[in-house]
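A.B. asks: structure31.cif is reproduced below (mmCIF, C-alpha atoms).
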data_entry
loop_
_atom_site.group_PDB
_atom_site.id
_atom_site.type_symbol
_atom_site.label_atom_id
_atom_site.label_comp_id
_atom_site.auth_asym_id
_atom_site.auth_seq_id
_atom_site.Cartn_x
_atom_site.Cartn_y
_atom_site.Cartn_z
ATOM 1 C CA MET W 1 120.896 120.343 95.901
ATOM 2 C CA ASP W 2 119.576 117.034 94.577
ATOM 3 C CA ILE W 3 121.684 115.185 97.150
ATOM 4 C CA LEU W 4 119.983 117.092 99.959
ATOM 5 C CA TRP W 5 116.532 116.134 98.629
ATOM 6 C CA TRP W 6 117.555 112.465 98.361
ATOM 7 C CA ILE W 7 118.871 112.557 101.937
ATOM 8 C CA LEU W 8 115.519 113.979 103.070
ATOM 9 C CA ILE W 9 113.635 111.297 101.133
ATOM 10 C CA ALA W 10 115.779 108.543 102.683
ATOM 11 C CA THR W 11 115.279 110.090 106.128
ATOM 12 C CA CYS W 12 111.515 110.082 105.607
ATOM 13 C CA PHE W 13 111.565 106.409 104.650
ATOM 14 C CA ILE W 14 113.679 105.509 107.697
ATOM 15 C CA LEU W 15 111.430 107.537 110.006
ATOM 16 C CA SER W 16 108.419 105.646 108.658
ATOM 17 C CA PHE W 17 109.844 102.412 110.069
ATOM 18 C CA ILE W 18 110.728 104.057 113.380
ATOM 19 C CA GLY W 19 107.093 105.177 113.501
ATOM 20 C CA ILE W 20 105.973 101.548 113.737
ATOM 21 C CA VAL W 21 107.626 101.287 117.142
ATOM 22 C CA PHE W 22 107.103 104.915 118.159
ATOM 23 C CA PRO W 23 103.606 105.727 116.926
ATOM 24 C CA ILE W 24 104.099 109.394 117.723
ATOM 25 C CA ILE W 25 105.839 109.503 114.317
ATOM 26 C CA PRO W 26 103.103 109.178 111.680
ATOM 27 C CA SER W 27 104.639 106.492 109.449
ATOM 28 C CA VAL W 28 102.396 106.905 106.472
ATOM 29 C CA LEU W 29 102.698 110.684 106.529
ATOM 30 C CA VAL W 30 106.493 110.649 106.394
ATOM 31 C CA ILE W 31 106.450 108.157 103.510
ATOM 32 C CA TRP W 32 104.171 110.546 101.622
ATOM 33 C CA VAL W 33 106.461 113.474 102.450
ATOM 34 C CA GLY W 34 109.272 111.496 100.796
ATOM 35 C CA PHE W 35 107.122 110.840 97.730
ATOM 36 C CA LEU W 36 106.068 114.473 97.493
ATOM 37 C CA ILE W 37 109.624 115.776 97.902
ATOM 38 C CA TYR W 38 110.585 113.678 94.920
ATOM 39 C CA GLN W 39 107.533 114.604 92.850
ATOM 40 C CA PHE W 40 107.712 118.349 93.394
ATOM 41 C CA LEU W 41 111.419 118.985 93.919
ATOM 42 C CA LEU W 42 113.249 116.351 91.859
ATOM 43 C CA ALA W 43 111.036 114.762 89.221
ATOM 44 C CA THR W 44 110.850 116.109 85.718
ATOM 45 C CA ALA W 45 107.578 114.260 85.028
ATOM 46 C CA ASN W 46 104.655 112.937 87.048
ATOM 47 C CA ILE W 47 105.280 109.526 88.584
ATOM 48 C CA GLY W 48 101.910 108.398 87.217
ATOM 49 C CA ILE W 49 98.310 108.154 88.308
ATOM 50 C CA PHE W 50 98.540 104.393 88.863
ATOM 51 C CA PHE W 51 101.340 104.957 91.392
ATOM 52 C CA TRP W 52 99.360 107.573 93.317
ATOM 53 C CA VAL W 53 96.184 105.472 93.389
ATOM 54 C CA ALA W 54 98.110 102.392 94.547
ATOM 55 C CA MET W 55 99.866 104.410 97.263
ATOM 56 C CA SER W 56 96.497 105.729 98.419
ATOM 57 C CA VAL W 57 95.184 102.169 98.764
ATOM 58 C CA PHE W 58 98.316 101.092 100.644
ATOM 59 C CA THR W 59 97.930 104.144 102.871
ATOM 60 C CA LEU W 60 94.434 103.054 103.857
ATOM 61 C CA LEU W 61 95.754 99.552 104.590
ATOM 62 C CA LEU W 62 98.490 101.026 106.769
ATOM 63 C CA ILE W 63 96.063 103.166 108.706
ATOM 64 C CA PHE W 64 93.674 100.324 109.444
ATOM 65 C CA SER W 65 96.155 97.435 109.831
ATOM 66 C CA ASP W 66 96.539 97.777 113.622
ATOM 67 C CA ILE W 67 92.831 98.140 114.226
ATOM 68 C CA ILE W 68 91.892 95.234 111.950
ATOM 69 C CA ALA W 69 94.612 92.940 113.313
ATOM 70 C CA ASN W 70 93.732 93.691 116.938
ATOM 71 C CA SER W 71 90.027 93.068 116.410
ATOM 72 C CA TYR W 72 90.683 89.859 114.478
ATOM 73 C CA PHE W 73 92.983 88.334 117.090
ATOM 74 C CA VAL W 74 90.805 89.331 120.036
ATOM 75 C CA LYS W 75 87.890 87.580 118.338
ATOM 76 C CA LYS W 76 90.032 84.559 117.420
ATOM 77 C CA TYR W 77 91.143 84.192 121.041
ATOM 78 C CA GLY W 78 87.602 84.204 122.364
ATOM 79 C CA GLY W 79 87.031 87.877 123.017
ATOM 80 C CA SER W 80 83.602 89.424 122.835
ATOM 81 C CA LYS W 81 82.379 92.058 120.380
ATOM 82 C CA TRP W 82 83.013 94.657 123.058
ATOM 83 C CA GLY W 83 86.508 93.237 123.528
ATOM 84 C CA GLU W 84 87.129 93.704 119.797
ATOM 85 C CA ARG W 85 85.882 97.280 119.935
ATOM 86 C CA MET W 86 87.963 98.071 122.990
ATOM 87 C CA ALA W 87 91.059 96.610 121.298
ATOM 88 C CA ALA W 88 90.541 99.028 118.407
ATOM 89 C CA ILE W 89 89.989 101.957 120.769
ATOM 90 C CA GLY W 90 92.998 100.853 122.826
ATOM 91 C CA VAL W 91 95.261 101.022 119.770
ATOM 92 C CA ILE W 92 94.179 104.587 119.115
ATOM 93 C CA VAL W 93 94.399 105.714 122.742
ATOM 94 C CA GLY W 94 97.607 103.767 123.328
ATOM 95 C CA SER W 95 99.301 105.611 120.482
ATOM 96 C CA PHE W 96 99.241 108.745 122.624
ATOM 97 C CA ILE W 97 99.965 107.205 126.026
ATOM 98 C CA ILE W 98 103.552 106.244 126.888
ATOM 99 C CA PRO W 99 104.736 105.603 123.316
ATOM 100 C CA PRO W 100 105.795 103.047 122.177
ATOM 101 C CA PHE W 101 104.566 100.816 124.992
ATOM 102 C CA GLY W 102 101.085 102.287 125.166
ATOM 103 C CA ILE W 103 100.133 100.742 121.846
ATOM 104 C CA ILE W 104 100.799 97.325 123.400
ATOM 105 C CA ILE W 105 99.715 97.837 127.011
ATOM 106 C CA VAL W 106 96.548 99.931 126.580
ATOM 107 C CA PRO W 107 94.709 97.557 124.200
ATOM 108 C CA PHE W 108 95.704 94.622 126.425
ATOM 109 C CA LEU W 109 94.296 96.338 129.520
ATOM 110 C CA PHE W 110 91.171 97.593 127.719
ATOM 111 C CA VAL W 111 90.340 94.091 126.509
ATOM 112 C CA LEU W 112 91.148 92.491 129.867
ATOM 113 C CA VAL W 113 88.933 94.891 131.829
ATOM 114 C CA THR W 114 86.143 94.724 129.240
ATOM 115 C CA GLU W 115 86.062 90.934 129.367
ATOM 116 C CA TRP W 116 86.078 90.979 133.184
ATOM 117 C CA LEU W 117 83.209 93.474 133.221
ATOM 118 C CA GLN W 118 81.242 91.044 131.085
ATOM 119 C CA LYS W 119 81.691 88.389 133.795
ATOM 120 C CA ARG W 120 84.160 86.308 131.793
ATOM 121 C CA SER W 121 86.578 84.107 133.691
ATOM 122 C CA THR W 122 90.082 85.412 134.347
ATOM 123 C CA HIS W 123 91.485 82.759 132.014
ATOM 124 C CA ASP W 124 89.153 83.792 129.159
ATOM 125 C CA ALA W 125 89.793 87.501 129.760
ATOM 126 C CA ILE W 126 93.573 87.011 129.711
ATOM 127 C CA ARG W 127 93.309 84.846 126.600
ATOM 128 C CA ALA W 128 91.363 87.580 124.772
ATOM 129 C CA ALA W 129 93.852 90.219 125.977
ATOM 130 C CA ILE W 130 96.732 88.098 124.674
ATOM 131 C CA GLY W 131 94.889 88.147 121.366
ATOM 132 C CA SER W 132 95.287 91.933 121.397
ATOM 133 C CA LEU W 133 99.054 91.514 121.851
ATOM 134 C CA LEU W 134 99.204 89.135 118.906
ATOM 135 C CA GLY W 135 97.095 91.602 116.970
ATOM 136 C CA PHE W 136 99.607 94.364 117.617
ATOM 137 C CA LEU W 137 102.517 92.183 116.532
ATOM 138 C CA SER W 138 100.777 91.050 113.356
ATOM 139 C CA GLY W 139 99.665 94.613 112.610
ATOM 140 C CA ALA W 140 103.240 95.857 113.028
ATOM 141 C CA PHE W 141 104.475 93.106 110.729
ATOM 142 C CA ALA W 142 101.835 94.018 108.149
ATOM 143 C CA LYS W 143 102.901 97.674 108.351
ATOM 144 C CA VAL W 144 106.538 96.762 107.742
ATOM 145 C CA VAL W 145 105.601 94.674 104.711
ATOM 146 C CA ILE W 146 103.269 97.339 103.276
ATOM 147 C CA GLN W 147 105.826 100.104 103.793
ATOM 148 C CA ILE W 148 108.542 98.037 102.119
ATOM 149 C CA ILE W 149 106.225 97.449 99.160
ATOM 150 C CA MET W 150 105.448 101.168 98.947
ATOM 151 C CA ILE W 151 109.115 102.168 99.038
ATOM 152 C CA ILE W 152 110.210 99.525 96.528
ATOM 153 C CA TRP W 153 107.334 100.522 94.234
ATOM 154 C CA PHE W 154 108.452 104.150 94.514
ATOM 155 C CA PHE W 155 111.985 103.294 93.370
ATOM 156 C CA VAL W 156 110.666 101.118 90.557
ATOM 157 C CA ALA W 157 108.298 103.892 89.432
ATOM 158 C CA ILE W 158 110.981 106.549 89.297
#
The structure given in the file should be rewritten as structure tokens.

C.D. replies:
Amino acid sequence: MDILWWILIATCFILSFIGIVFPIIPSVLVIWVGFLIYQFLLATANIGIFFWVAMSVFTLLLIFSDIIANSYFVKKYGGSKWGERMAAIGVIVGSFIIPPFGIIIVPFLFVLVTEWLQKRSTHDAIRAAIGSLLGFLSGAFAKVVIQIIMIIWFFVAI
């Protein structure tokens, strides 16, 4: 039976990385399912409070990485405050619209339209929208790194 639980844990960890590209799969949730399967179905002792606190902090970083990265890059590429806000909203909305492409396209379009509505030039609006694309890519990279850290830490802790 232990082999089945380990297969489920490994599947959860793999699905967490698929969730970066297909946001319909909640990456952080499936990582936690893997942790909890181990804790409640395999472990003979608690992994430790430090592990659970650290994983909670990493979970918050995972949740906010896309939003933070998008806002940062929109601002860096000359976007307005409203452009930053719309990039964050676009990430959330885009997660539910045509996954996985919505998480790239929707923030781009939201920022582009927002900058145009504020009477910015086409060049400036496109530049800010490109910032949202770079934000997505850097957010995805950050998620991969954070998830790898979480999974490695899990194996070290057990």

A.B. asks: On this structure, the PyMOL selection byres ((chain W and resi 63) around 12) would catch which residues? List them as a list in words, sorted by chain and number.

C.D. replies: Ile20, Pro23, Pro26, Ser27, Val28, Leu29, Ser56, Val57, Phe58, Thr59, Leu60, Leu61, Leu62, Phe64, Ser65, Asp66, Ile67, Ile68, Ala69, Ala88, Val91, Ile92, Gly139, Ala140, Ala142, Lys143, Ile146 and Gln147 of chain W

A.B. asks: Counting all atoms listed in the file, which of W:Trp153, W:Phe40, W:Phe96, W:Phe108 gets nearest to W:Gly135?

C.D. replies: W:Phe108

A.B. asks: Draw an axis-aligned box over all listed atoms of stretch 26-34 of chain W, pad each side with 3 Å, and write its centre and edge lengths in Å, one decimal, as AutoDock Vina command-line options.

C.D. replies:
--center_x 105.8 --center_y 110.0 --center_z 106.2 --size_x 12.9 --size_y 13.0 --size_z 16.9

A.B. asks: Could you expand the PyMOL selection byres ((chain W and resi 134) around 10) into the explicit residues it covers here, written as a list in words?

C.D. replies: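 So the PyMOL selection byres ((chain W and resi 134) around 10) ends up selecting Ala69, Asn70, Tyr72, Phe73, Val74, Tyr77, Ile104, Phe108, Ala128, Ala129, Ile130, Gly131, Ser132, Leu133, Gly135, Phe136, Leu137, Ser138, Gly139 and Ala140 of chain W.
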
A.B. asks: The PyMOL selection byres ((chain W and resi 113) around 12) on the file shown: which residues, as number ranges by chain?

C.D. replies: W: 79-80, 82-83, 86-87, 90, 106-112, 114-122, 124-126, 128-129

A.B. asks: With only C-alpha atoms as the counted atoms, please give the residues lying no more than 12 Å from W:Ala43, apart from itself and same-chain residues fewer than 5 positions off, as a PyMOL selection string.

C.D. replies: chain W and resi 2+5-6+35-38+48+157-158

A.B. asks: Here is a test: counting only C-alpha atoms, which residue of W:Ile49, W:Ile25, W:Trp32, W:Arg127 is nearest to W:Gly78?

C.D. replies: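 Looking at the shortest contact to W:Gly78, the residue is W:Arg127.
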
A.B. asks: One decimal, in Å: what's the spacing between atom CA of W:Ile89 and atom CA of W:Gly19?

C.D. replies: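 So the answer is 18.9 Å.
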
A.B. asks: Between W:Leu42, W:Lys76, W:Val144, W:Met150, which is the closest to W:Phe17 once you count only C-alpha atoms?

C.D. replies: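 Of the candidates, the smallest distance to W:Phe17 is held by W:Val144.
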
A.B. asks: Atom CA of W:Phe13 to atom CA of W:Ala45: how many Å, to one decimal?

C.D. replies: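 Result for atom CA of W:Phe13 versus atom CA of W:Ala45: 21.5 Å, one decimal.
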